[in-house]
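Peer 1: Would you mind keeping the following structure in view while I ask a few things?
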Amino acid sequence: MTLLELDAISSYYGDLQALFGISLDVVEGETAAIIGSNGAGKSTLLRVVAGLTEARAGDIRFDGASIRRVAPHLRVGMGISLVPEGRRVFPSLTVEENLRIGTYRGRQGPWDLAAVYELFPILRERAGRSGAVLSGGEQQALAIGRALMANPRLLLLDEVSLGLAPVIVKQLYEALPSITAQGATILLVEQSVDQALAAADRVYCLLEGRISLTGLPAELTRAQITTAYFGLD
Amino acid sequence: MDWVNAVVQGVLLGGFYALLATGLSLMFGVMRLVNLAQGDLTILAAFLSLSLIEATGVGPFVSLAVVVPLMMVGGYALQRGLLNRTLDQGVMPPILVTFGLAVVLQNVLLSLYSADSQGIDAGSAEGASIAITNQLSIGVLPLATLVIAVVIIVGLQAMLGRTQLGRSLRATADDREAALLTGIDHRHVYAVATAIAMGTVAIAGVLLGIRTTFGPFDGPVRLIFAFEAVVIGGLGSLWGTLVGGIILGVSLTIGNQINPAYQVLAGHVVFLIVLAFRPNGLFARKGREA
């Protein structure tokens, strides 16, 4: 069953057009990845799904219904949570408060404080600390945990690996199967192709705001990806 | 003994200034909005109370049961209908809009109530005092004002620190877009903050009306003292506002003790000294720009 359906979405970053008629489907329960170089429009795409950036043309359907006109805070209540680029944890809240604020919309589901602490035990150890003093990896775990507290049906992850050591990235990605096992669908954006291919059931490659390649990781060749990623012929 | 008396009376007076400044401090802390109409809204609350007392014959403290909710609802509507629209446009629009609101309020009050000074009569509570020694006595009303200010600030701190509403206010102050991603509608959260601020303004206004006379144009003078209390204490810090109010109050009474002509001047001088040496105030929140 299709959970998220983008139908010819066009969007702008300031005055520049960032997305040109993007269409893609995310099937419930799968992990989909969007790869592409800097400035390909990956983050804009996630922001459009979360409602932070307007889709000037096209339609977004979530669970069959159009959400193009739904405000971003209400999309959280419908089950769409974005882990934004750069983590954006709240510095004046403690780790535990950062997680508790995730329950603001009151969606019911498998995720609560205990479940998030089980997924990321380091957060339990840091529970009373300010979100501002965590390491980058801890902040990323916190940002994911905060989004999970909203019990999303669709979890959007923007550049989880950005600026983190490979061993930390590996730990974070190892948490994803536990998240999908609890029923969430994941749409992630990743600059690291290997990371995306390893984690995803389906891959979309973005090039200058257009989808240049779609496929299952096992079926795609290195040459195909390189061409789609860099736009070389 | 005169000096001890001056300090004690100053601390009590400081409670009043802290109460005047609490709403200002809260609104600035949550949304970086400097409400230049704060003083006039305080005067508005005093007039609302006065009208209610004249119309129904209830006492001033009973009138709070109507004035506080009324100001809170008005505050919510003011934020959602007007002030939220000014917030994405840089520094000037909120200042201009609240300044304009101040002028409008002053003139509406003038046309409704005339320029005559008014007072709220609280009967025997107004003059009652507790004698500590022969030379030192504490007024019941100033003491009650200080206690109310402390209770409100402690209560607001507890709300900010321990409730989901408080977390949502702090999260929105930190990062509005990230707050949106957790499902927080900042327009609503800001309006709730303004509603709470107007609740404290209502209480301050009624107490102001009891302790002194007031007229339609008294708002700006009140705003200056409230603003000084907030800045001395540190922008955005409620505890700082309490301490700032008390420092201001003690400055005024000690200035008065030296020479009654210096009373108001002493307050402004202390404000300038703090501004010169601690431009972020005494209790500015760390890691945040003021």
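We name chains A, B, ... following the order of the structure tokens; residues begin at 1 in each chain, and ligands are numbered from 1 as shown.
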If we count only C-alpha atoms and set the cut-off at 9 Å, which residues sit around Asn98 of chain A, ignoring sequence neighbours fewer than 2 positions away in its own chain? Please answer as a ChimeraX atom specification.

Peer 2: /A:89-91,93-96,100-102,131,142-143,145-146 /B:167,171

Peer 1: Counting only C-alpha atoms, give me one row per residue of chain B with an atom at most 8 Å from an atom of chain A, showing the shortest contact pair and its distance in Å to one decimal, sorted by chain then residue number, as JSON lines.

Peer 2:
```
{"residue": "B:Gln164", "atom": "CA", "partner": "A:Ile101", "partner_atom": "CA", "distance": 6.8}
{"residue": "B:Arg167", "atom": "CA", "partner": "A:Ile101", "partner_atom": "CA", "distance": 6.5}
{"residue": "B:Ser168", "atom": "CA", "partner": "A:Ile101", "partner_atom": "CA", "distance": 6.7}
{"residue": "B:Arg170", "atom": "CA", "partner": "A:Ser92", "partner_atom": "CA", "distance": 6.9}
{"residue": "B:Ala171", "atom": "CA", "partner": "A:Phe90", "partner_atom": "CA", "distance": 5.8}
{"residue": "B:Asp174", "atom": "CA", "partner": "A:Phe90", "partner_atom": "CA", "distance": 6.0}
{"residue": "B:Asp175", "atom": "CA", "partner": "A:Phe90", "partner_atom": "CA", "distance": 6.9}
{"residue": "B:Glu177", "atom": "CA", "partner": "A:Leu52", "partner_atom": "CA", "distance": 7.9}
{"residue": "B:Ala178", "atom": "CA", "partner": "A:Arg88", "partner_atom": "CA", "distance": 6.2}
{"residue": "B:Leu180", "atom": "CA", "partner": "A:His73", "partner_atom": "CA", "distance": 5.3}
{"residue": "B:Leu181", "atom": "CA", "partner": "A:His73", "partner_atom": "CA", "distance": 6.2}
{"residue": "B:Thr182", "atom": "CA", "partner": "A:Gly102", "partner_atom": "CA", "distance": 5.3}
{"residue": "B:Gly183", "atom": "CA", "partner": "A:His73", "partner_atom": "CA", "distance": 3.9}
{"residue": "B:Ile184", "atom": "CA", "partner": "A:His73", "partner_atom": "CA", "distance": 5.8}
{"residue": "B:Asp185", "atom": "CA", "partner": "A:His73", "partner_atom": "CA", "distance": 5.9}
```

Peer 1: Ranking B:Gly29, B:Pro260, B:Gly205, B:Gly81 by minimum distance to Thr145 of chain B and counting only C-alpha atoms, which one comes first?

Peer 2: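 Comparing B:Gly29, B:Pro260, B:Gly205, B:Gly81 against Thr145 of chain B, the winner is B:Gly205.
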